[in-house]
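Trainee: Enclosed is the structure file work20.txt (compact mmCIF, C-alpha atoms).
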```txt
# COMPACT_ATOMS: atom_id res chain seq x y z
CA MET A 1 -14.55 -70.94 21.31
CA ARG A 2 -11.76 -70.77 18.69
CA LEU A 3 -9.64 -67.65 18.85
CA ILE A 4 -7.29 -68.66 16.04
CA ARG A 5 -8.67 -69.49 12.59
CA PRO A 6 -7.45 -72.82 11.20
CA GLN A 7 -5.56 -72.79 7.93
CA TYR A 8 -7.67 -75.09 5.78
CA LYS A 9 -5.27 -75.05 2.83
CA THR A 10 -2.50 -76.61 4.92
CA MET A 11 -4.66 -79.08 6.83
CA SER A 12 -4.46 -82.76 5.95
CA ASP A 13 -7.38 -84.54 4.33
CA GLU A 14 -7.94 -86.56 7.49
CA ASP A 15 -8.12 -83.46 9.72
CA LEU A 16 -10.50 -81.81 7.28
CA MET A 17 -12.79 -84.83 7.43
CA VAL A 18 -12.85 -84.66 11.21
CA ALA A 19 -13.86 -81.00 10.94
CA VAL A 20 -16.56 -81.86 8.41
CA GLY A 21 -17.98 -84.31 10.92
CA LYS A 22 -18.34 -81.41 13.34
CA GLY A 23 -20.23 -79.32 10.80
CA ASP A 24 -17.36 -77.16 9.53
CA LYS A 25 -18.53 -75.92 6.12
CA ARG A 26 -15.14 -74.48 5.16
CA ALA A 27 -13.47 -77.83 5.73
CA PHE A 28 -15.97 -79.44 3.38
CA ASP A 29 -15.34 -76.72 0.78
CA GLU A 30 -11.62 -77.47 0.93
CA ILE A 31 -12.18 -81.21 0.53
CA TYR A 32 -14.44 -80.51 -2.45
CA GLU A 33 -11.87 -78.19 -3.98
CA ARG A 34 -9.16 -80.85 -3.74
CA TYR A 35 -11.04 -83.88 -5.03
CA SER A 36 -14.02 -82.82 -7.15
CA GLY A 37 -11.94 -82.45 -10.35
CA PRO A 38 -9.94 -85.68 -10.06
CA LEU A 39 -13.07 -87.62 -9.15
CA LEU A 40 -14.94 -86.23 -12.13
CA GLY A 41 -12.13 -87.37 -14.42
CA TYR A 42 -12.09 -90.79 -12.77
CA PHE A 43 -15.82 -91.27 -13.15
CA MET A 44 -15.73 -90.12 -16.76
CA ARG A 45 -13.07 -92.71 -17.56
CA MET A 46 -14.89 -95.44 -15.70
CA LEU A 47 -18.38 -94.60 -16.92
CA TRP A 48 -17.92 -94.53 -20.65
CA LYS A 49 -17.20 -90.83 -20.87
CA ASP A 50 -20.73 -89.99 -19.77
CA ARG A 51 -20.36 -86.47 -18.36
CA GLU A 52 -23.80 -86.26 -16.84
CA LYS A 53 -23.50 -89.57 -15.11
CA ALA A 54 -20.04 -88.64 -13.89
CA GLU A 55 -21.41 -85.37 -12.41
CA ASP A 56 -24.14 -87.30 -10.61
CA PHE A 57 -21.62 -89.70 -9.20
CA VAL A 58 -19.49 -86.79 -7.95
CA HIS A 59 -22.55 -85.33 -6.22
CA ASP A 60 -23.45 -88.70 -4.70
CA ILE A 61 -20.02 -89.36 -3.28
CA PHE A 62 -19.78 -85.92 -1.65
CA ALA A 63 -23.35 -86.25 -0.37
CA LYS A 64 -22.22 -89.46 1.31
CA ILE A 65 -19.37 -87.50 2.93
CA ILE A 66 -21.83 -84.89 4.24
CA ARG A 67 -24.44 -87.31 5.56
CA LYS A 68 -22.13 -89.94 7.00
CA PRO A 69 -18.67 -88.59 7.68
CA GLU A 70 -18.30 -91.20 10.41
CA LEU A 71 -17.93 -93.84 7.68
CA PHE A 72 -14.39 -92.58 7.18
CA ASP A 73 -11.82 -93.96 9.62
CA PRO A 74 -9.38 -91.10 10.39
CA THR A 75 -6.59 -93.62 10.93
CA ARG A 76 -6.79 -94.50 7.24
CA LYS A 77 -5.66 -92.40 4.34
CA PHE A 78 -8.56 -90.34 3.02
CA LYS A 79 -7.53 -90.49 -0.65
CA THR A 80 -7.53 -94.28 -0.77
CA TRP A 81 -10.82 -94.42 1.11
CA LEU A 82 -12.39 -91.96 -1.33
CA TYR A 83 -11.23 -93.88 -4.39
CA SER A 84 -12.40 -97.14 -2.78
CA VAL A 85 -15.85 -95.68 -2.43
CA ALA A 86 -15.72 -94.37 -6.02
CA ASN A 87 -14.56 -97.76 -7.31
CA ASN A 88 -17.38 -99.54 -5.53
CA MET A 89 -19.88 -97.08 -6.96
CA CYS A 90 -18.61 -97.82 -10.47
CA LYS A 91 -18.79 -101.57 -9.92
CA ASN A 92 -22.35 -101.26 -8.72
CA GLU A 93 -23.12 -99.25 -11.83
CA TYR A 94 -21.56 -101.95 -14.02
CA LYS A 95 -23.76 -104.52 -12.41
CA LYS A 96 -26.79 -102.36 -13.09
CA GLN A 97 -25.83 -101.83 -16.68
CA GLU A 98 -24.52 -105.42 -17.10
CA VAL A 99 -22.80 -104.43 -20.27
CA ARG A 100 -19.89 -102.10 -20.76
CA LYS A 101 -20.56 -99.40 -23.30
CA ASN A 102 -17.85 -98.47 -25.66
CA THR A 103 -19.22 -95.39 -27.36
CA SER A 104 -15.98 -93.60 -28.15
CA ASN A 105 -12.60 -94.72 -29.34
CA GLY A 106 -10.83 -91.56 -28.42
CA LEU A 107 -10.74 -89.12 -25.60
CA ASP A 108 -13.50 -86.57 -25.66
CA SER A 109 -13.10 -82.92 -26.43
CA HIS A 110 -12.19 -82.07 -22.87
CA TYR A 111 -8.85 -83.67 -23.45
CA ALA A 112 -8.11 -81.72 -26.62
CA VAL A 113 -5.22 -79.36 -26.80
CA SER A 114 -6.48 -75.83 -27.22
CA ASP A 115 -3.27 -73.88 -27.50
CA ALA A 116 -3.41 -71.65 -30.58
CA ASN A 117 0.38 -71.38 -30.80
CA SER A 118 1.05 -75.14 -30.78
CA ASN A 119 2.64 -76.98 -33.66
CA VAL A 120 -0.12 -78.42 -35.84
CA LEU A 121 1.87 -81.51 -36.75
CA SER A 122 2.68 -82.16 -33.12
CA GLU A 123 -0.96 -81.72 -32.25
CA VAL A 124 -2.06 -84.24 -34.82
CA GLN A 125 0.51 -86.73 -33.65
CA ASP A 126 -0.56 -86.24 -30.06
CA ARG A 127 -4.15 -86.89 -31.01
CA GLN A 128 -3.20 -89.99 -32.93
CA PHE A 129 -1.26 -91.27 -29.97
CA ARG A 130 -4.15 -90.61 -27.62
CA ASP A 131 -6.57 -92.46 -29.89
CA GLU A 132 -4.25 -95.39 -30.22
CA PHE A 133 -3.56 -95.44 -26.51
CA GLU A 134 -7.24 -95.36 -25.58
CA ALA A 135 -8.04 -98.12 -28.04
CA SER A 136 -5.30 -100.32 -26.63
CA LEU A 137 -6.45 -99.64 -23.09
CA GLU A 138 -9.99 -100.60 -23.99
CA ALA A 139 -8.73 -103.83 -25.47
CA LEU A 140 -7.29 -104.82 -22.11
CA ASP A 141 -9.47 -106.59 -19.60
CA GLU A 142 -10.92 -104.48 -16.87
CA LYS A 143 -8.70 -105.56 -14.01
CA HIS A 144 -5.55 -104.59 -15.90
CA SER A 145 -6.85 -101.37 -17.47
CA GLU A 146 -8.28 -100.22 -14.14
CA VAL A 147 -4.94 -100.62 -12.41
CA PHE A 148 -3.17 -98.80 -15.23
CA ARG A 149 -5.66 -95.90 -15.13
CA LEU A 150 -5.42 -95.55 -11.36
CA ARG A 151 -1.64 -95.53 -11.55
CA HIS A 152 -0.95 -93.30 -14.55
CA LEU A 153 -4.07 -91.19 -14.93
CA ASP A 154 -5.27 -90.77 -11.33
CA GLY A 155 -1.78 -90.68 -9.83
CA LEU A 156 -2.24 -93.29 -7.10
CA SER A 157 0.73 -95.30 -5.84
CA ILE A 158 0.87 -99.10 -5.95
CA LYS A 159 0.12 -99.28 -2.25
CA GLU A 160 -2.86 -96.95 -2.60
CA ILE A 161 -4.22 -98.91 -5.56
CA ALA A 162 -3.92 -102.09 -3.52
CA GLU A 163 -5.92 -100.50 -0.75
CA VAL A 164 -8.58 -99.13 -3.11
CA LEU A 165 -9.10 -102.40 -4.91
CA GLY A 166 -8.64 -104.58 -1.87
CA ILE A 167 -5.79 -106.62 -3.37
CA SER A 168 -2.15 -107.12 -2.49
CA ASP A 169 0.73 -104.91 -3.63
CA GLY A 170 2.21 -107.77 -5.58
CA THR A 171 -1.02 -108.32 -7.50
CA VAL A 172 -1.20 -104.63 -8.35
CA LYS A 173 2.38 -104.71 -9.53
CA SER A 174 1.92 -107.76 -11.71
CA ARG A 175 -1.27 -106.36 -13.30
CA LEU A 176 0.43 -103.04 -13.85
CA PHE A 177 3.43 -104.67 -15.46
CA TYR A 178 1.20 -106.72 -17.70
CA ALA A 179 -0.83 -103.67 -18.81
CA THR A 180 2.31 -101.59 -19.41
CA LYS A 181 3.96 -104.33 -21.42
CA TYR A 182 0.84 -104.82 -23.49
CA LEU A 183 0.55 -101.10 -24.24
CA ALA A 184 4.25 -100.84 -25.07
CA GLU A 185 3.85 -103.67 -27.56
CA SER A 186 0.67 -102.15 -29.04
CA LEU A 187 2.22 -98.72 -29.44
CA LYS A 188 5.70 -99.80 -30.52
CA ASP A 189 5.20 -98.40 -34.01
CA PHE A 190 4.04 -95.14 -32.60
CA ASN A 191 6.65 -93.13 -30.80
CA PRO A 192 5.11 -89.80 -29.73
CA VAL A 193 8.11 -88.65 -27.71
CA MET A 194 10.67 -89.12 -30.46
CA ASN A 195 8.41 -87.40 -32.98
CA ARG A 196 8.24 -84.13 -31.02
CA MET B 1 3.14 -90.30 -4.33
CA GLU B 2 5.79 -92.89 -3.61
CA LYS B 3 8.16 -93.64 -6.46
CA ASP B 4 8.08 -97.14 -7.89
CA ILE B 5 9.99 -98.97 -10.60
CA LEU B 6 7.91 -97.41 -13.39
CA ASP B 7 8.92 -93.94 -12.25
CA ILE B 8 12.54 -95.07 -12.43
CA VAL B 9 11.94 -96.30 -16.00
CA LYS B 10 10.73 -92.81 -16.93
CA GLU B 11 13.81 -91.15 -15.40
CA LYS B 12 16.77 -93.39 -16.22
CA ARG B 13 18.39 -94.73 -19.35
CA PHE B 14 18.96 -98.47 -19.59
CA ILE B 15 22.67 -98.23 -18.85
CA GLU B 16 21.97 -96.17 -15.70
CA LEU B 17 19.91 -98.92 -14.06
CA THR B 18 21.31 -100.68 -11.01
CA ILE B 19 21.48 -104.46 -10.73
CA ASP B 20 18.49 -104.51 -8.35
CA GLU B 21 16.42 -102.35 -10.68
CA ARG B 22 17.21 -104.55 -13.68
CA GLU B 23 16.25 -107.58 -11.63
CA GLU B 24 12.94 -105.97 -10.79
CA LEU B 25 12.28 -105.13 -14.44
CA LYS B 26 13.11 -108.62 -15.61
CA ASP B 27 9.40 -109.51 -15.95
CA LEU B 28 8.68 -106.33 -17.85
CA CYS B 29 11.48 -106.15 -20.38
CA ASP B 30 14.33 -108.43 -21.43
CA SER B 31 16.42 -106.11 -23.55
CA GLU B 32 17.38 -102.50 -23.92
CA ASP B 33 15.07 -102.11 -26.93
CA GLN B 34 12.09 -103.31 -24.91
CA TYR B 35 13.13 -101.01 -22.08
CA ASN B 36 13.28 -98.00 -24.42
CA GLN B 37 9.91 -98.89 -25.87
CA LEU B 38 8.44 -99.12 -22.40
CA GLN B 39 9.97 -95.78 -21.48
CA HIS B 40 8.51 -94.09 -24.56
CA VAL B 41 5.00 -95.31 -23.83
CA LEU B 42 5.12 -94.18 -20.22
CA LEU B 43 6.48 -90.78 -21.16
CA GLY B 44 3.85 -90.46 -23.88
CA VAL B 45 1.08 -91.17 -21.38
CA ASP B 46 2.48 -88.52 -19.04
CA ALA B 47 2.79 -86.07 -21.91
CA MET B 48 -0.87 -86.41 -22.85
CA LYS B 49 -2.32 -82.97 -22.14
CA VAL B 50 -5.16 -83.77 -19.81
CA PRO B 51 -6.60 -80.54 -18.45
CA THR B 52 -8.14 -80.53 -15.00
CA ILE B 53 -11.89 -80.57 -15.29
CA LYS B 54 -14.30 -79.26 -12.67
CA PRO B 55 -17.89 -80.22 -11.98
CA LYS B 56 -20.61 -77.77 -12.79
CA ALA B 57 -21.50 -75.02 -10.32
CA GLU B 58 -24.95 -76.55 -9.84
CA THR B 59 -23.39 -79.65 -8.33
CA LYS B 60 -21.69 -77.53 -5.66
CA GLN B 61 -24.88 -75.58 -4.98
CA ARG B 62 -26.82 -78.77 -4.40
CA LEU B 63 -24.15 -79.98 -2.02
CA ASP B 64 -24.18 -76.67 -0.15
CA SER B 65 -27.93 -76.94 0.37
CA LEU B 66 -27.54 -80.49 1.59
CA PHE B 67 -24.84 -79.40 4.01
CA ALA B 68 -27.04 -76.61 5.40
CA GLU B 69 -29.86 -79.11 5.96
CA THR B 70 -27.60 -81.67 7.59
CA TYR B 71 -25.79 -79.20 9.86
CA PRO B 72 -28.25 -76.40 10.62
CA LYS B 73 -26.80 -73.35 12.36
CA THR B 74 -28.10 -72.69 15.89
CA ALA B 75 -30.81 -70.04 16.20
CA PRO B 76 -29.32 -66.71 17.20
CA VAL B 77 -29.74 -65.83 20.84
CA TRP B 78 -29.09 -62.37 22.20
CA TYR B 79 -25.78 -63.35 23.71
CA ASN B 80 -24.72 -65.01 20.49
CA GLY B 81 -25.15 -61.64 18.80
CA ALA B 82 -23.14 -59.93 21.50
CA LEU B 83 -20.50 -62.61 21.28
CA THR B 84 -20.27 -62.15 17.55
CA ALA B 85 -19.81 -58.41 18.06
CA ILE B 86 -17.02 -58.62 20.62
CA VAL B 87 -15.27 -61.67 19.17
CA PRO B 88 -15.80 -61.52 15.40
CA LYS B 89 -14.34 -64.55 13.65
CA ASP B 90 -13.56 -62.67 10.45
CA LYS B 91 -11.11 -60.33 12.17
CA PRO B 92 -7.59 -61.18 13.32
CA LEU B 93 -7.01 -61.69 17.03
CA TYR B 94 -5.44 -58.30 17.76
CA ARG B 95 -8.39 -56.48 16.19
CA GLN B 96 -11.10 -58.19 18.19
CA PRO B 97 -12.74 -55.77 20.67
CA LEU B 98 -12.65 -58.19 23.60
CA VAL B 99 -8.94 -58.77 23.17
CA GLN B 100 -8.26 -55.06 22.90
CA VAL B 101 -10.24 -54.27 26.07
CA ALA B 102 -8.48 -57.06 27.93
CA ALA B 103 -5.08 -55.72 26.84
CA VAL B 104 -5.93 -52.20 28.03
CA GLY B 105 -7.19 -53.55 31.34
CA LEU B 106 -4.05 -55.57 31.89
CA LEU B 107 -1.90 -52.53 31.12
CA ALA B 108 -3.87 -50.46 33.61
CA LEU B 109 -3.49 -53.14 36.29
CA LEU B 110 0.26 -53.11 35.84
CA VAL B 111 0.81 -49.35 35.56
CA VAL B 112 -1.62 -47.76 38.06
CA PRO B 113 -0.26 -49.45 41.22
CA PHE B 114 3.22 -48.42 40.20
CA PHE B 115 2.27 -44.76 40.02
CA ASN B 116 0.33 -45.00 43.27
CA ASN B 117 3.37 -46.34 45.12
CA THR B 118 5.61 -43.60 43.73
CA ILE B 119 3.28 -40.81 44.87
CA THR B 120 2.74 -42.34 48.29
CA GLY B 121 6.46 -42.71 48.84
CA GLU B 122 7.04 -39.11 47.96
CA ASP B 123 4.38 -38.00 50.41
CA ASN B 124 5.83 -40.12 53.16
CA ARG B 125 9.25 -38.66 52.67
CA VAL B 126 7.95 -35.13 52.80
CA ALA B 127 5.96 -35.94 55.91
CA ALA B 128 9.03 -37.41 57.56
CA ILE B 129 11.04 -34.30 56.82
CA ASP B 130 8.30 -32.13 58.21
CA GLN B 131 8.21 -34.19 61.37
CA GLN B 132 11.94 -33.92 61.79
CA GLU B 133 11.81 -30.20 61.42
CA LYS B 134 9.09 -30.01 64.01
CA ASN B 135 11.16 -32.09 66.39
CA ILE B 136 14.10 -29.86 65.85
CA LEU B 137 12.10 -26.75 66.51
CA GLU B 138 10.72 -28.27 69.67
CA GLN B 139 14.16 -29.14 70.83
CA GLU B 140 15.37 -25.71 70.01
CA SER B 141 12.62 -24.14 71.97
CA ASP B 142 13.45 -26.42 74.89
CA ALA B 143 17.14 -25.64 74.67
CA GLY B 144 16.46 -21.88 74.68
CA GLY B 145 18.79 -20.22 72.24
CA SER B 146 21.14 -23.03 71.77
CA VAL B 147 20.65 -22.67 68.07
CA ALA B 148 22.45 -19.35 68.11
CA GLU B 149 25.37 -20.86 69.98
CA SER B 150 25.53 -23.64 67.53
CA GLU B 151 26.07 -21.00 64.90
CA ASP B 152 28.90 -19.54 66.93
CA VAL B 153 30.37 -22.97 67.20
CA SER B 154 30.22 -23.41 63.48
CA THR B 155 32.04 -20.11 62.90
CA THR B 156 34.52 -20.95 65.64
CA GLU B 157 35.18 -24.21 63.98
CA GLU B 158 35.86 -22.43 60.74
CA THR B 159 38.28 -19.98 62.21
CA THR B 160 39.81 -22.74 64.20
CA VAL B 161 40.53 -24.66 61.06
CA ASP B 162 42.32 -21.69 59.55
CA SER B 163 44.24 -20.86 62.70
CA ASP B 164 44.96 -24.50 63.20
CA THR B 165 46.72 -24.54 59.88
CA ASP B 166 48.83 -21.46 60.75
CA LEU B 167 49.77 -22.80 64.14
CA ARG B 168 50.85 -26.08 62.81
CA THR B 169 53.11 -24.47 60.37
CA SER B 170 54.72 -22.55 63.18
CA GLY B 171 55.20 -25.80 65.05
CA GLY B 172 53.35 -25.06 68.27
CA ASP B 173 51.80 -28.29 69.58
CA PHE B 174 50.64 -26.76 72.82
CA VAL B 175 48.96 -24.06 70.78
CA ALA B 176 47.23 -26.74 68.81
CA ASP B 177 45.99 -28.18 72.05
CA LEU B 178 44.73 -24.76 72.99
CA THR B 179 42.88 -24.61 69.72
CA VAL B 180 41.27 -27.88 70.42
CA GLU B 181 40.24 -26.65 73.79
CA MET B 182 38.79 -23.50 72.33
CA THR B 183 36.73 -25.44 69.85
CA GLU B 184 35.32 -27.35 72.69
CA ASN B 185 34.00 -24.16 74.23
CA THR B 186 30.39 -24.34 73.49
CA GLY B 187 27.26 -24.04 75.39
CA ASP B 188 26.38 -21.32 77.81
CA ARG B 189 29.57 -19.38 78.72
CA GLY B 190 27.65 -17.18 80.97
CA ALA B 191 26.71 -20.04 83.11
CA GLY B 192 30.18 -20.25 84.58
CA SER B 193 30.10 -23.89 84.83
CA SER B 194 33.17 -25.64 83.86
CA THR B 195 34.39 -29.01 83.19
CA LEU B 196 37.87 -30.27 83.33
CA LEU B 197 39.71 -29.98 80.10
CA GLY B 198 40.23 -33.30 78.67
CA GLY B 199 37.89 -34.66 81.28
CA THR B 200 35.31 -37.19 80.83
CA SER B 201 32.92 -34.99 79.02
CA PRO B 202 30.30 -36.72 76.95
CA GLU B 203 30.52 -36.73 73.16
CA PRO B 204 28.40 -33.95 71.66
CA THR B 205 25.49 -35.29 69.67
CA SER B 206 22.82 -33.70 67.58
CA SER B 207 19.64 -34.70 65.89
CA HIS B 208 19.61 -31.56 63.82
CA PRO B 209 19.53 -32.32 60.06
CA ASP B 210 22.40 -29.92 59.49
CA GLY B 211 24.56 -31.91 61.82
CA VAL B 212 25.17 -29.03 64.17
CA PHE B 213 25.35 -30.36 67.61
CA ILE B 214 23.55 -28.70 70.36
CA GLY B 215 25.03 -29.53 73.64
CA GLU B 216 22.93 -30.08 76.60
CA ALA B 217 22.53 -27.27 78.99
CA ALA B 218 23.89 -29.30 81.81
CA VAL B 219 27.15 -29.93 80.10
CA SER B 220 29.41 -27.08 79.34
CA TYR B 221 32.66 -27.19 77.57
CA SER B 222 33.73 -23.58 78.21
CA VAL B 223 36.37 -22.67 80.69
CA SER B 224 36.76 -19.16 81.84
CA ALA B 225 40.18 -17.65 81.33
CA ASN B 226 40.63 -16.45 84.89
CA GLU B 227 40.53 -20.07 86.04
CA GLU B 228 43.43 -20.89 83.79
CA PRO B 229 46.02 -18.18 84.11
CA GLU B 230 48.54 -19.98 81.99
CA MET B 231 46.16 -19.99 79.12
CA LEU B 232 45.55 -16.31 79.63
CA ASP B 233 49.25 -15.63 79.27
CA LEU B 234 49.41 -17.52 76.13
CA LEU B 235 46.50 -15.62 74.77
CA THR B 236 48.04 -12.31 75.40
CA THR B 237 51.40 -13.19 73.97
CA SER B 238 49.91 -14.52 70.83
CA PHE B 239 48.11 -11.25 70.30
```
Show me the file's structure as structure tokens.

Mentor:
Amino acid sequence: MRLIRPQYKTMSDEDLMVAVGKGDKRAFDEIYERYSGPLLGYFMRMLWKDREKAEDFVHDIFAKIIRKPELFDPTRKFKTWLYSVANNMCKNEYKKQEVRKNTSNGLDSHYAVSDANSNVLSEVQDRQFRDEFEASLEALDEKHSEVFRLRHLDGLSIKEIAEVLGISDGTVKSRLFYATKYLAESLKDFNPVMNR
Amino acid sequence: MEKDILDIVKEKRFIELTIDEREELKDLCDSEDQYNQLQHVLLGVDAMKVPTIKPKAETKQRLDSLFAETYPKTAPVWYNGALTAIVPKDKPLYRQPLVQVAAVGLLALLVVPFFNNTITGEDNRVAAIDQQEKNILEQESDAGGSVAESEDVSTTEETTVDSDTDLRTSGGDFVADLTVEMTENTGDRGAGSSTLLGGTSPEPTSSHPDGVFIGEAAVSYSVSANEEPEMLDLLTTSF
């Protein structure tokens, strides 16, 4: 019988997962709070900006955590394990679809700036940059764009990306360098930072 | 997240790079212009305002239902209810009834024996004093009036002290000896018994709490004046 309540906000992801395995609802709520938003963004980027499909995928991945928490090895890092599972889900979906949809050239409205006091010119330039950036990223092949997205949009480190994708650190680095160089070349005429 | 070379590109100007960092960036950029271009793109990507999005509330509700099905709570039993009442999880430790009762009990265990010992000790002391007084009274009754003589002795001792002082100032040692002898005159004078002055008379002792000694009836320290004519002369001349 616990006499002292655990502090879920300060617990590590791995400890929370162990608690979830024992039926601790609050631990699950904390895990959901930490990763539901980032995972939704990841799935939206990977699944052609389809919000509904992305929501379903978020539900499925957390349902997997509830039903089979023992699938997670506590000695591993939870974040990389979670993104590995998400990446595999997306790959399976690609196989089902067999064709990558490209229904939008720009980011959807969720990425729009909604600050009423912002500079209109700056806002237009930002939007132009985002459109150009997204188009260039789409032009890259999947293995390079995926690495770039995981690094710069999902915030994973090179080591974590290597673990998620099941490749070496050096391969991640080389793909990342290639994608970054390609984007720098594509966007060389567009300098959003200097125009602010 | 661990910092890698791309983070360094975002933070440093080209001239601030170390030799190792430039070596690492060799595959990415050859010149300062390419480096600046790379830096601008990376900063632009970071500057893209991407708000955090959250799934719909329905998604969480579905997951909560699934969790309740997967990990059902145990059916409440009577002792579970009692346990919940005395150890409520939503209250801090010091406010839980069981903890409070345990703290009071511990305090009582520590304090009550202490008070019990104090009272008992007091009673014992009083009882001991009472017993002593009883013993004294018994002894007094056995001695038969020796208490009164002990009072005389105490007054004699007082006067002796004063006279002792006067005599010493006058320089009479033999008078001082006489004083000592007189203070030794205790006990039953009427008995007529005498002991040799300065003889082997036993040390007077007393068990009386006031310290007044009550000599034994068999031992007498008084000497009648007619047995010591020299002393009688001295007495008369001094008066």

Trainee: Pick from A:Lys181, A:Arg51, A:His152, A:Lys188: nearest to Leu25 of chain B, with only C-alpha atoms counted?

Mentor: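 Using only C-alpha atoms, Leu25 of chain B sits closest to A:Lys181.
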
Trainee: Let me make sure I understand: among A:Leu165, A:Leu140, A:Cys90, A:Ile66, which one has the smallest atom-to-atom distance to chain B if we use all atoms listed in the file?

Mentor: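 Result for the nearest residue to chain B: A:Ile66.
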
Trainee: So how many Å separate atom CA of Met17 of chain A and atom CA of Phe43 of chain A, to one decimal?

Mentor: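 Taking atom CA of Met17 of chain A and atom CA of Phe43 of chain A, their separation equals 21.8 Å.
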
Trainee: Output the contact residues of chain B with respect to chain A at a cut-off of 10 Å, based on all atoms listed in the file, as a tab-separated table (two decimals) with C-alpha atoms, in the frame of the given file.

Mentor:
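Contents of the output file result-v5.tsv:
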```
chain	number	residue	atom	x	y	z
B	1	MET	CA	3.14	-90.30	-4.33
B	2	GLU	CA	5.79	-92.89	-3.61
B	3	LYS	CA	8.16	-93.64	-6.46
B	4	ASP	CA	8.08	-97.14	-7.89
B	5	ILE	CA	9.99	-98.97	-10.60
B	6	LEU	CA	7.91	-97.41	-13.39
B	25	LEU	CA	12.28	-105.13	-14.44
B	27	ASP	CA	9.40	-109.51	-15.95
B	28	LEU	CA	8.68	-106.33	-17.85
B	29	CYS	CA	11.48	-106.15	-20.38
B	34	GLN	CA	12.09	-103.31	-24.91
B	35	TYR	CA	13.13	-101.01	-22.08
B	36	ASN	CA	13.28	-98.00	-24.42
B	37	GLN	CA	9.91	-98.89	-25.87
B	38	LEU	CA	8.44	-99.12	-22.40
B	39	GLN	CA	9.97	-95.78	-21.48
B	40	HIS	CA	8.51	-94.09	-24.56
B	41	VAL	CA	5.00	-95.31	-23.83
B	42	LEU	CA	5.12	-94.18	-20.22
B	43	LEU	CA	6.48	-90.78	-21.16
B	44	GLY	CA	3.85	-90.46	-23.88
B	45	VAL	CA	1.08	-91.17	-21.38
B	46	ASP	CA	2.48	-88.52	-19.04
B	47	ALA	CA	2.79	-86.07	-21.91
B	48	MET	CA	-0.87	-86.41	-22.85
B	49	LYS	CA	-2.32	-82.97	-22.14
B	50	VAL	CA	-5.16	-83.77	-19.81
B	51	PRO	CA	-6.60	-80.54	-18.45
B	52	THR	CA	-8.14	-80.53	-15.00
B	53	ILE	CA	-11.89	-80.57	-15.29
B	54	LYS	CA	-14.30	-79.26	-12.67
B	55	PRO	CA	-17.89	-80.22	-11.98
B	56	LYS	CA	-20.61	-77.77	-12.79
B	58	GLU	CA	-24.95	-76.55	-9.84
B	59	THR	CA	-23.39	-79.65	-8.33
B	60	LYS	CA	-21.69	-77.53	-5.66
B	62	ARG	CA	-26.82	-78.77	-4.40
B	63	LEU	CA	-24.15	-79.98	-2.02
B	64	ASP	CA	-24.18	-76.67	-0.15
B	66	LEU	CA	-27.54	-80.49	1.59
B	67	PHE	CA	-24.84	-79.40	4.01
B	68	ALA	CA	-27.04	-76.61	5.40
B	69	GLU	CA	-29.86	-79.11	5.96
B	70	THR	CA	-27.60	-81.67	7.59
B	71	TYR	CA	-25.79	-79.20	9.86
B	72	PRO	CA	-28.25	-76.40	10.62
B	73	LYS	CA	-26.80	-73.35	12.36
B	87	VAL	CA	-15.27	-61.67	19.17
B	88	PRO	CA	-15.80	-61.52	15.40
B	89	LYS	CA	-14.34	-64.55	13.65
B	90	ASP	CA	-13.56	-62.67	10.45
B	91	LYS	CA	-11.11	-60.33	12.17
B	92	PRO	CA	-7.59	-61.18	13.32
B	93	LEU	CA	-7.01	-61.69	17.03
B	96	GLN	CA	-11.10	-58.19	18.19
B	99	VAL	CA	-8.94	-58.77	23.17
```

Trainee: Mind giving me the straight-line distance from atom CA of Lys134 of chain B to atom CA of Asn116 of chain B in Å, one decimal?

Mentor: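 Separation of atom CA of Lys134 of chain B and atom CA of Asn116 of chain B: 27.0 Å.
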
Trainee: One number please: atom CA of Asp73 of chain A to atom CA of Lys53 of chain A, in Å, one decimal.

Mentor: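 Between atom CA of Asp73 of chain A and atom CA of Lys53 of chain A the gap works out to 27.7 Å.
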
Trainee: Which residues come within 10 Å of Glu163 of chain A, counting all atoms listed in the file, excluding same-chain residues fewer than 6 positions away, as a list in words?

Mentor: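 Surrounding residues, per the criterion: Lys77, Thr80, Trp81, Tyr83, Ser84, Ser157, Asp169 and Val172 of chain A.
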
Trainee: Pick from A:Asp154, A:Met46, A:Met89, A:Pro74: nearest to Leu16 of chain A, with all atoms listed in the file counted?

Mentor: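 Of A:Asp154, A:Met46, A:Met89, A:Pro74, the one nearest Leu16 of chain A, counting all atoms listed in the file, is A:Pro74.
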
Trainee: Any chance you could work out the axis-aligned box around segment 36-55 of chain B, listed atoms only, 5 Å on each side, giving centre and edge lengths in Å to one decimal, as JSON?

Mentor:
```
{"center_x": -2.3, "center_y": -89.2, "center_z": -18.9, "size_x": 41.2, "size_y": 29.9, "size_z": 23.9}
```
